[in-house]
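Enquirer: Structure file work05.tsv (TSV, C-alpha atoms) right here:
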chain	number	residue	atom	x	y	z
Q	1	MET	CA	0.00	0.00	0.00
Q	2	THR	CA	1.42	3.42	-0.96
Q	3	ALA	CA	1.71	6.35	1.45
Q	4	ILE	CA	-1.27	8.01	-0.24
Q	5	GLU	CA	-3.38	4.85	-0.01
Q	6	GLN	CA	-2.46	4.50	3.66
Q	7	ALA	CA	-3.44	8.11	4.28
Q	8	GLN	CA	-6.73	7.62	2.46
Q	9	ALA	CA	-7.44	4.56	4.60
Q	10	ARG	CA	-7.27	6.70	7.73
Q	11	PRO	CA	-10.35	8.61	8.91
Q	12	ARG	CA	-10.36	12.13	7.49
Q	13	GLY	CA	-8.75	14.54	9.92
Q	14	THR	CA	-6.18	12.08	11.29
Q	15	ARG	CA	-3.12	14.10	12.25
Q	16	LEU	CA	0.25	13.31	10.74
Q	17	PRO	CA	3.64	14.79	11.62
Q	18	ARG	CA	4.15	17.91	9.51
Q	19	ARG	CA	6.90	16.41	7.34
Q	20	ALA	CA	4.88	13.26	6.66
Q	21	ARG	CA	1.80	15.31	5.82
Q	22	ARG	CA	3.79	17.47	3.42
Q	23	GLU	CA	5.16	14.42	1.62
Q	24	GLN	CA	1.67	12.95	1.42
Q	25	LEU	CA	0.31	16.16	-0.10
Q	26	LEU	CA	3.18	16.37	-2.59
Q	27	GLY	CA	2.54	12.77	-3.64
Q	28	ALA	CA	-1.13	13.47	-4.22
Q	29	ALA	CA	-0.35	16.69	-6.07
Q	30	GLN	CA	2.11	14.91	-8.35
Q	31	GLU	CA	-0.53	12.38	-9.37
Q	32	VAL	CA	-3.03	15.12	-10.16
Q	33	PHE	CA	-0.60	17.43	-11.97
Q	34	VAL	CA	0.85	14.60	-14.08
Q	35	ALA	CA	-2.61	13.32	-15.01
Q	36	GLN	CA	-4.33	16.67	-15.63
Q	37	GLY	CA	-1.61	19.29	-16.16
Q	38	TYR	CA	-1.27	22.43	-14.08
Q	39	HIS	CA	-4.12	24.42	-15.58
Q	40	SER	CA	-6.74	21.69	-15.31
Q	41	ALA	CA	-5.74	20.58	-11.82
Q	42	ALA	CA	-7.69	22.00	-8.89
Q	43	MET	CA	-6.78	22.24	-5.24
Q	44	ASP	CA	-10.06	20.43	-4.52
Q	45	ASP	CA	-8.83	17.48	-6.59
Q	46	ILE	CA	-5.51	17.40	-4.76
Q	47	ALA	CA	-7.11	17.60	-1.32
Q	48	GLU	CA	-9.53	14.82	-2.23
Q	49	ARG	CA	-6.72	12.65	-3.61
Q	50	ALA	CA	-4.76	13.16	-0.38
Q	51	GLY	CA	-7.81	12.51	1.79
Q	52	VAL	CA	-7.61	15.87	3.58
Q	53	SER	CA	-9.69	19.01	3.75
Q	54	LYS	CA	-8.75	22.07	1.70
Q	55	PRO	CA	-7.83	24.05	4.85
Q	56	VAL	CA	-5.26	21.35	5.71
Q	57	LEU	CA	-3.83	21.61	2.19
Q	58	TYR	CA	-3.63	25.40	2.45
Q	59	GLN	CA	-1.87	25.17	5.81
Q	60	HIS	CA	1.08	23.65	3.98
Q	61	PHE	CA	0.85	25.36	0.60
Q	62	PRO	CA	-0.77	28.79	0.22
Q	63	GLY	CA	-1.72	28.18	-3.41
Q	64	LYS	CA	-1.54	25.88	-6.41
Q	65	LEU	CA	1.57	27.54	-7.83
Q	66	GLU	CA	3.50	27.16	-4.57
Q	67	LEU	CA	2.56	23.48	-4.49
Q	68	TYR	CA	3.67	23.00	-8.09
Q	69	LEU	CA	6.98	24.80	-7.49
Q	70	ALA	CA	7.68	22.66	-4.41
Q	71	LEU	CA	7.22	19.55	-6.57
Q	72	LEU	CA	9.37	21.02	-9.31
Q	73	ASP	CA	12.16	21.78	-6.84
Q	74	GLN	CA	12.02	18.21	-5.54
Q	75	HIS	CA	12.19	16.58	-8.95
Q	76	CYS	CA	14.77	18.92	-10.44
Q	77	GLU	CA	17.04	18.07	-7.52
Q	78	SER	CA	16.38	14.37	-8.09
Q	79	LEU	CA	17.49	14.62	-11.73
Q	80	LEU	CA	20.60	16.61	-10.84
Q	81	GLN	CA	21.64	14.10	-8.18
Q	82	SER	CA	21.10	11.21	-10.60
Q	83	VAL	CA	23.38	12.82	-13.17
Q	84	ARG	CA	26.05	13.60	-10.57
Q	85	THR	CA	25.88	10.05	-9.24
Q	86	ALA	CA	26.26	8.66	-12.76
Q	87	LEU	CA	29.31	10.81	-13.44
Q	88	ALA	CA	30.93	9.74	-10.17
Q	89	SER	CA	30.10	6.05	-10.61
Q	90	THR	CA	33.22	5.20	-12.64
Q	91	THR	CA	36.49	6.60	-13.95
Q	92	ASP	CA	36.02	4.84	-17.30
Q	93	ASN	CA	34.92	7.59	-19.63
Q	94	LYS	CA	32.77	5.49	-21.97
Q	95	LYS	CA	30.98	4.00	-18.97
Q	96	ARG	CA	30.50	7.53	-17.63
Q	97	VAL	CA	28.72	8.51	-20.84
Q	98	GLU	CA	26.59	5.36	-20.65
Q	99	ALA	CA	25.72	5.93	-16.97
Q	100	THR	CA	24.75	9.53	-17.65
Q	101	MET	CA	22.56	8.56	-20.60
Q	102	ASP	CA	20.92	5.88	-18.46
Q	103	ALA	CA	20.23	8.42	-15.70
Q	104	TYR	CA	17.98	10.33	-18.10
Q	105	PHE	CA	16.24	7.17	-19.31
Q	106	ALA	CA	15.63	6.04	-15.72
Q	107	TYR	CA	14.28	9.49	-14.88
Q	108	VAL	CA	11.67	9.50	-17.64
Q	109	GLU	CA	10.79	5.85	-17.05
Q	110	ASP	CA	9.90	6.40	-13.39
Q	111	GLU	CA	6.28	5.35	-13.01
Q	112	GLY	CA	5.34	8.55	-11.19
Q	113	GLY	CA	5.82	10.55	-14.38
Q	114	ALA	CA	7.60	13.38	-12.56
Q	115	PHE	CA	9.70	14.17	-15.64
Q	116	ARG	CA	6.56	15.64	-17.24
Q	117	LEU	CA	6.59	18.41	-14.63
Q	118	VAL	CA	10.17	19.26	-15.60
Q	119	PHE	CA	10.34	18.69	-19.35
Q	120	GLU	CA	6.69	18.85	-20.47
Q	121	SER	CA	5.10	21.40	-18.16
Q	122	ASP	CA	2.10	23.35	-19.43
Q	123	LEU	CA	3.27	26.25	-17.26
Q	124	THR	CA	6.52	27.17	-18.98
Q	125	ASN	CA	5.29	30.74	-19.47
Q	126	GLU	CA	5.48	31.18	-15.69
Q	127	PRO	CA	8.90	32.76	-14.92
Q	128	ALA	CA	9.40	30.78	-11.70
Q	129	VAL	CA	8.83	27.51	-13.56
Q	130	ARG	CA	11.00	28.45	-16.53
Q	131	GLU	CA	13.76	29.52	-14.16
Q	132	ARG	CA	13.81	26.15	-12.40
Q	133	VAL	CA	13.73	24.12	-15.60
Q	134	ASP	CA	16.52	26.19	-17.16
Q	135	LYS	CA	18.51	26.00	-13.95
Q	136	VAL	CA	18.46	22.20	-13.66
Q	137	SER	CA	19.38	21.81	-17.33
Q	138	LEU	CA	22.30	24.18	-16.78
Q	139	GLN	CA	23.39	22.46	-13.57
Q	140	CYS	CA	23.36	19.03	-15.25
Q	141	ALA	CA	25.39	20.44	-18.15
Q	142	GLU	CA	27.86	22.03	-15.74
Q	143	ALA	CA	28.38	18.71	-13.98
Q	144	ILE	CA	29.03	16.99	-17.31
Q	145	SER	CA	31.25	19.82	-18.55
Q	146	GLU	CA	33.50	19.60	-15.50
Q	147	VAL	CA	34.40	16.03	-16.44
Q	148	ILE	CA	34.88	16.93	-20.10
Q	149	ALA	CA	37.12	19.88	-19.26
Q	150	GLU	CA	39.16	17.86	-16.77
Q	151	ASP	CA	39.73	15.01	-19.20
Q	152	THR	CA	40.26	16.92	-22.44
Q	153	GLY	CA	41.69	20.27	-21.44
Q	154	LEU	CA	39.06	22.04	-23.54
Q	155	SER	CA	38.00	25.48	-22.33
Q	156	ARG	CA	35.01	25.87	-20.04
Q	157	ASP	CA	32.91	27.35	-22.84
Q	158	GLN	CA	33.82	24.56	-25.25
Q	159	SER	CA	33.14	21.90	-22.62
Q	160	MET	CA	29.76	23.45	-21.82
Q	161	LEU	CA	28.72	23.31	-25.48
Q	162	LEU	CA	29.50	19.61	-25.59
Q	163	ALA	CA	27.81	19.01	-22.22
Q	164	VAL	CA	24.63	20.83	-23.23
Q	165	GLY	CA	24.57	18.70	-26.36
Q	166	LEU	CA	24.97	15.44	-24.45
Q	167	GLY	CA	22.33	16.36	-21.86
Q	168	GLY	CA	19.90	17.63	-24.46
Q	169	VAL	CA	20.21	14.56	-26.66
Q	170	SER	CA	19.79	12.30	-23.65
Q	171	GLN	CA	16.54	13.80	-22.40
Q	172	VAL	CA	14.98	14.30	-25.86
Q	173	VAL	CA	15.72	10.74	-26.98
Q	174	ALA	CA	14.64	9.29	-23.63
Q	175	ARG	CA	11.30	11.12	-23.84
Q	176	TYR	CA	10.78	9.94	-27.43
Q	177	TRP	CA	11.66	6.38	-26.42
Q	178	LEU	CA	9.03	6.45	-23.67
Q	179	ALA	CA	6.30	8.26	-25.65
Q	180	SER	CA	6.68	6.06	-28.73
Q	181	ARG	CA	6.39	2.89	-26.64
Q	182	SER	CA	9.46	1.74	-28.50
Q	183	GLY	CA	10.07	-1.97	-28.69
Q	184	VAL	CA	13.75	-1.28	-28.00
Q	185	PRO	CA	14.66	-2.33	-24.44
Q	186	ARG	CA	16.05	0.41	-22.23
Q	187	ASP	CA	19.55	-1.04	-21.99
Q	188	THR	CA	19.70	-1.43	-25.78
Q	189	ALA	CA	18.46	2.13	-26.32
Q	190	VAL	CA	21.04	3.48	-23.87
Q	191	GLY	CA	23.74	1.43	-25.60
Q	192	LEU	CA	22.82	2.81	-29.02
Q	193	LEU	CA	22.82	6.39	-27.80
Q	194	THR	CA	26.08	5.85	-25.94
Q	195	SER	CA	27.73	4.54	-29.11
Q	196	LEU	CA	26.54	7.59	-31.03
Q	197	ALA	CA	27.81	10.03	-28.40
Q	198	TRP	CA	31.04	8.17	-27.65
Q	199	ARG	CA	32.16	8.16	-31.29
Q	200	GLY	CA	32.08	11.93	-31.13
Q	201	ILE	CA	33.41	12.67	-27.65
Q	202	ALA	CA	36.18	10.06	-27.84
Q	203	GLY	CA	37.73	12.01	-30.70
Q	204	PHE	CA	38.92	14.74	-28.37
Q	205	PRO	CA	42.45	14.19	-27.04
Q	206	LEU	CA	42.95	13.20	-23.41
Q	207	HIS	CA	44.38	16.10	-21.45
Q	208	GLY	CA	48.16	15.84	-21.23
Q	209	ALA	CA	48.35	12.75	-23.46
Q	210	GLU	CA	48.90	11.96	-27.09
Q	211	GLY	CA	45.97	9.57	-27.39
Q	212	GLN	CA	42.25	10.12	-27.45
Q	213	VAL	CA	39.81	10.02	-24.55
Q	214	GLN	CA	39.67	6.23	-24.35
Q	215	GLY	CA	38.41	4.39	-21.30
Q	216	HIS	CA	40.24	5.08	-18.05
Q	217	HIS	CA	42.01	8.39	-17.55
Could you render the structure as structure tokens?

Expert:
Amino acid sequence: MTAIEQAQARPRGTRLPRRARREQLLGAAQEVFVAQGYHSAAMDDIAERAGVSKPVLYQHFPGKLELYLALLDQHCESLLQSVRTALASTTDNKKRVEATMDAYFAYVEDEGGAFRLVFESDLTNEPAVRERVDKVSLQCAEAISEVIAEDTGLSRDQSMLLAVGLGGVSQVVARYWLASRSGVPRDTAVGLLTSLAWRGIAGFPLHGAEGQVQGHH
């Protein structure tokens, strides 16, 4: 039984610790926002999904936008940490590329559909939303670019261009893979994309060495 189902099984009005209540409300809000989009979602729907009264919901979040932004912050941070973990998971450069690609595929494949709030929001005209989405894309690119710059000796600006390209390709292809219900298994899709990216990135010379960026550094 999920946390939301457990909460709904309790009599309405049952008190939860503040942190637990907040997580419960965020879980309910995610389900509603992913299913309906921001504009069609109503605070009534979210309160009902969480099994609480609207006053309880408003005690934690003063409005729908604040609730949406709290979710966006949570899931942007989750993506960033996944990318950083992938980059730190190995010192083999090809495996780093593969792990980073897979981080994006895993993110979009998550059954909660949180990636839709980040990459497919119907509220991108809201400055606070656009700022967060742009920020996480930039932070992921910066994390990737640090590794590229360290290994190749390319300038920061050059490394960022490559990193933005790698991150952008990863999330666009991962979203297409999911939306198209592709018959290609995830590990095969990641392997194909890794091969495409690696053939390009491996051509840059390893910093301080004659050879190319091959495997371990």

Enquirer: Would you list the contacts of Ala114 in chain Q as an MDAnalysis selection string, taking every protein, DNA or RNA residue within 12 Å and counting all atoms listed in the file, but skipping same-chain residues closer than 6 positions in sequence?

Expert: chainID Q and resid 26:27 29:35 37 68 71:79 106:108 120:121

Enquirer: With C-alpha atoms retained, could you export that selection as a short mmCIF file (atom, residue, chain, number, x, y, z; two decimals), in the coordinates of the input?

Expert:
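As written to disk, result12.cif reads:
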data_model
loop_
_atom_site.label_atom_id
_atom_site.label_comp_id
_atom_site.auth_asym_id
_atom_site.auth_seq_id
_atom_site.Cartn_x
_atom_site.Cartn_y
_atom_site.Cartn_z
CA LEU Q 26 3.18 16.37 -2.59
CA GLY Q 27 2.54 12.77 -3.64
CA ALA Q 29 -0.35 16.69 -6.07
CA GLN Q 30 2.11 14.91 -8.35
CA GLU Q 31 -0.53 12.38 -9.37
CA VAL Q 32 -3.03 15.12 -10.16
CA PHE Q 33 -0.60 17.43 -11.97
CA VAL Q 34 0.85 14.60 -14.08
CA ALA Q 35 -2.61 13.32 -15.01
CA GLY Q 37 -1.61 19.29 -16.16
CA TYR Q 68 3.67 23.00 -8.09
CA LEU Q 71 7.22 19.55 -6.57
CA LEU Q 72 9.37 21.02 -9.31
CA ASP Q 73 12.16 21.78 -6.84
CA GLN Q 74 12.02 18.21 -5.54
CA HIS Q 75 12.19 16.58 -8.95
CA CYS Q 76 14.77 18.92 -10.44
CA GLU Q 77 17.04 18.07 -7.52
CA SER Q 78 16.38 14.37 -8.09
CA LEU Q 79 17.49 14.62 -11.73
CA ALA Q 106 15.63 6.04 -15.72
CA TYR Q 107 14.28 9.49 -14.88
CA VAL Q 108 11.67 9.50 -17.64
CA GLU Q 120 6.69 18.85 -20.47
CA SER Q 121 5.10 21.40 -18.16
#

Enquirer: With distances taken over only C-alpha atoms, which of Q:Val56, Q:Ile46, Q:Met101, Q:Ala143 is nearest to Leu196 in chain Q?

Expert: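 Closest residue, counting only C-alpha atoms: Q:Met101.
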
Enquirer: With all atoms listed in the file as the atoms that count, which of Q:Ala202, Q:Met160, Q:Val129, Q:Leu123 lies nearest to Glu142 in chain Q?

Expert: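 Ranked by minimum distance to Glu142 in chain Q, first place goes to Q:Met160.
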
Enquirer: Would you compute the distance between CA of Val136 in chain Q and CA of Gly183 in chain Q? Give it in Å to one decimal.

Expert: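 We find that CA of Val136 in chain Q and CA of Gly183 in chain Q lie 29.7 Å from each other.
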
Enquirer: Counting all atoms listed in the file, which of Q:Leu166, Q:Ser40, Q:Gln59, Q:Val133 gets nearest to Gly200 in chain Q?

Expert: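 That would be Q:Leu166, the residue with the smallest distance to Gly200 in chain Q.
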
Enquirer: Q:Ile144, Q:Gly63, Q:Trp177, Q:Thr100: which is nearest Leu161 in chain Q, counting only C-alpha atoms?

Expert: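 Of Q:Ile144, Q:Gly63, Q:Trp177, Q:Thr100, the one nearest Leu161 in chain Q, counting only C-alpha atoms, is Q:Ile144.
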
Enquirer: In terms of the shortest atom-to-atom distance over all atoms listed in the file, which of Q:Leu80, Q:Ile201, Q:Ala20, Q:Ala41 is closest to Asp151 in chain Q?

Expert: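 Closest residue, counting all atoms listed in the file: Q:Ile201.
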
Enquirer: Using CA of Ser182 in chain Q and CA of Val164 in chain Q as the two end points, give the distance in Å to one decimal.

Expert: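 Taking CA of Ser182 in chain Q and CA of Val164 in chain Q, their separation equals 24.9 Å.
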
Enquirer: Considering all atoms listed in the file, state which residue in the set Q:Lys64, Q:Val172, Q:Ala50, Q:Ala88 is at the smallest distance from Glu146 in chain Q.

Expert: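 Result for the nearest residue to Glu146 in chain Q: Q:Ala88.
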
Enquirer: Taking (32.3, 4.7, -16.2) as a centre in this file's frame and 12 Å as the limit, can you find every polymer residue with an atom that close, using all atoms listed in the file, and give them as a PDB file with C-alpha atoms, in the coordinates of the input?

Expert:
ATOM      1  CA  THR Q  85      25.880  10.050  -9.240  1.00  0.00           C
ATOM      2  CA  ALA Q  86      26.260   8.660 -12.760  1.00  0.00           C
ATOM      3  CA  LEU Q  87      29.310  10.810 -13.440  1.00  0.00           C
ATOM      4  CA  ALA Q  88      30.930   9.740 -10.170  1.00  0.00           C
ATOM      5  CA  SER Q  89      30.100   6.050 -10.610  1.00  0.00           C
ATOM      6  CA  THR Q  90      33.220   5.200 -12.640  1.00  0.00           C
ATOM      7  CA  THR Q  91      36.490   6.600 -13.950  1.00  0.00           C
ATOM      8  CA  ASP Q  92      36.020   4.840 -17.300  1.00  0.00           C
ATOM      9  CA  ASN Q  93      34.920   7.590 -19.630  1.00  0.00           C
ATOM     10  CA  LYS Q  94      32.770   5.490 -21.970  1.00  0.00           C
ATOM     11  CA  LYS Q  95      30.980   4.000 -18.970  1.00  0.00           C
ATOM     12  CA  ARG Q  96      30.500   7.530 -17.630  1.00  0.00           C
ATOM     13  CA  VAL Q  97      28.720   8.510 -20.840  1.00  0.00           C
ATOM     14  CA  GLU Q  98      26.590   5.360 -20.650  1.00  0.00           C
ATOM     15  CA  ALA Q  99      25.720   5.930 -16.970  1.00  0.00           C
ATOM     16  CA  THR Q 100      24.750   9.530 -17.650  1.00  0.00           C
ATOM     17  CA  MET Q 101      22.560   8.560 -20.600  1.00  0.00           C
ATOM     18  CA  ASP Q 102      20.920   5.880 -18.460  1.00  0.00           C
ATOM     19  CA  VAL Q 147      34.400  16.030 -16.440  1.00  0.00           C
ATOM     20  CA  THR Q 194      26.080   5.850 -25.940  1.00  0.00           C
ATOM     21  CA  GLN Q 214      39.670   6.230 -24.350  1.00  0.00           C
ATOM     22  CA  GLY Q 215      38.410   4.390 -21.300  1.00  0.00           C
ATOM     23  CA  HIS Q 216      40.240   5.080 -18.050  1.00  0.00           C
ATOM     24  CA  HIS Q 217      42.010   8.390 -17.550  1.00  0.00           C
TER      25      HIS Q 217
END

Enquirer: Calculate how many Å separate CA of Leu117 in chain Q from CA of Leu16 in chain Q, rounding to one decimal.

Expert: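 Answer for the CA of Leu117 in chain Q to CA of Leu16 in chain Q separation: 26.6 Å.
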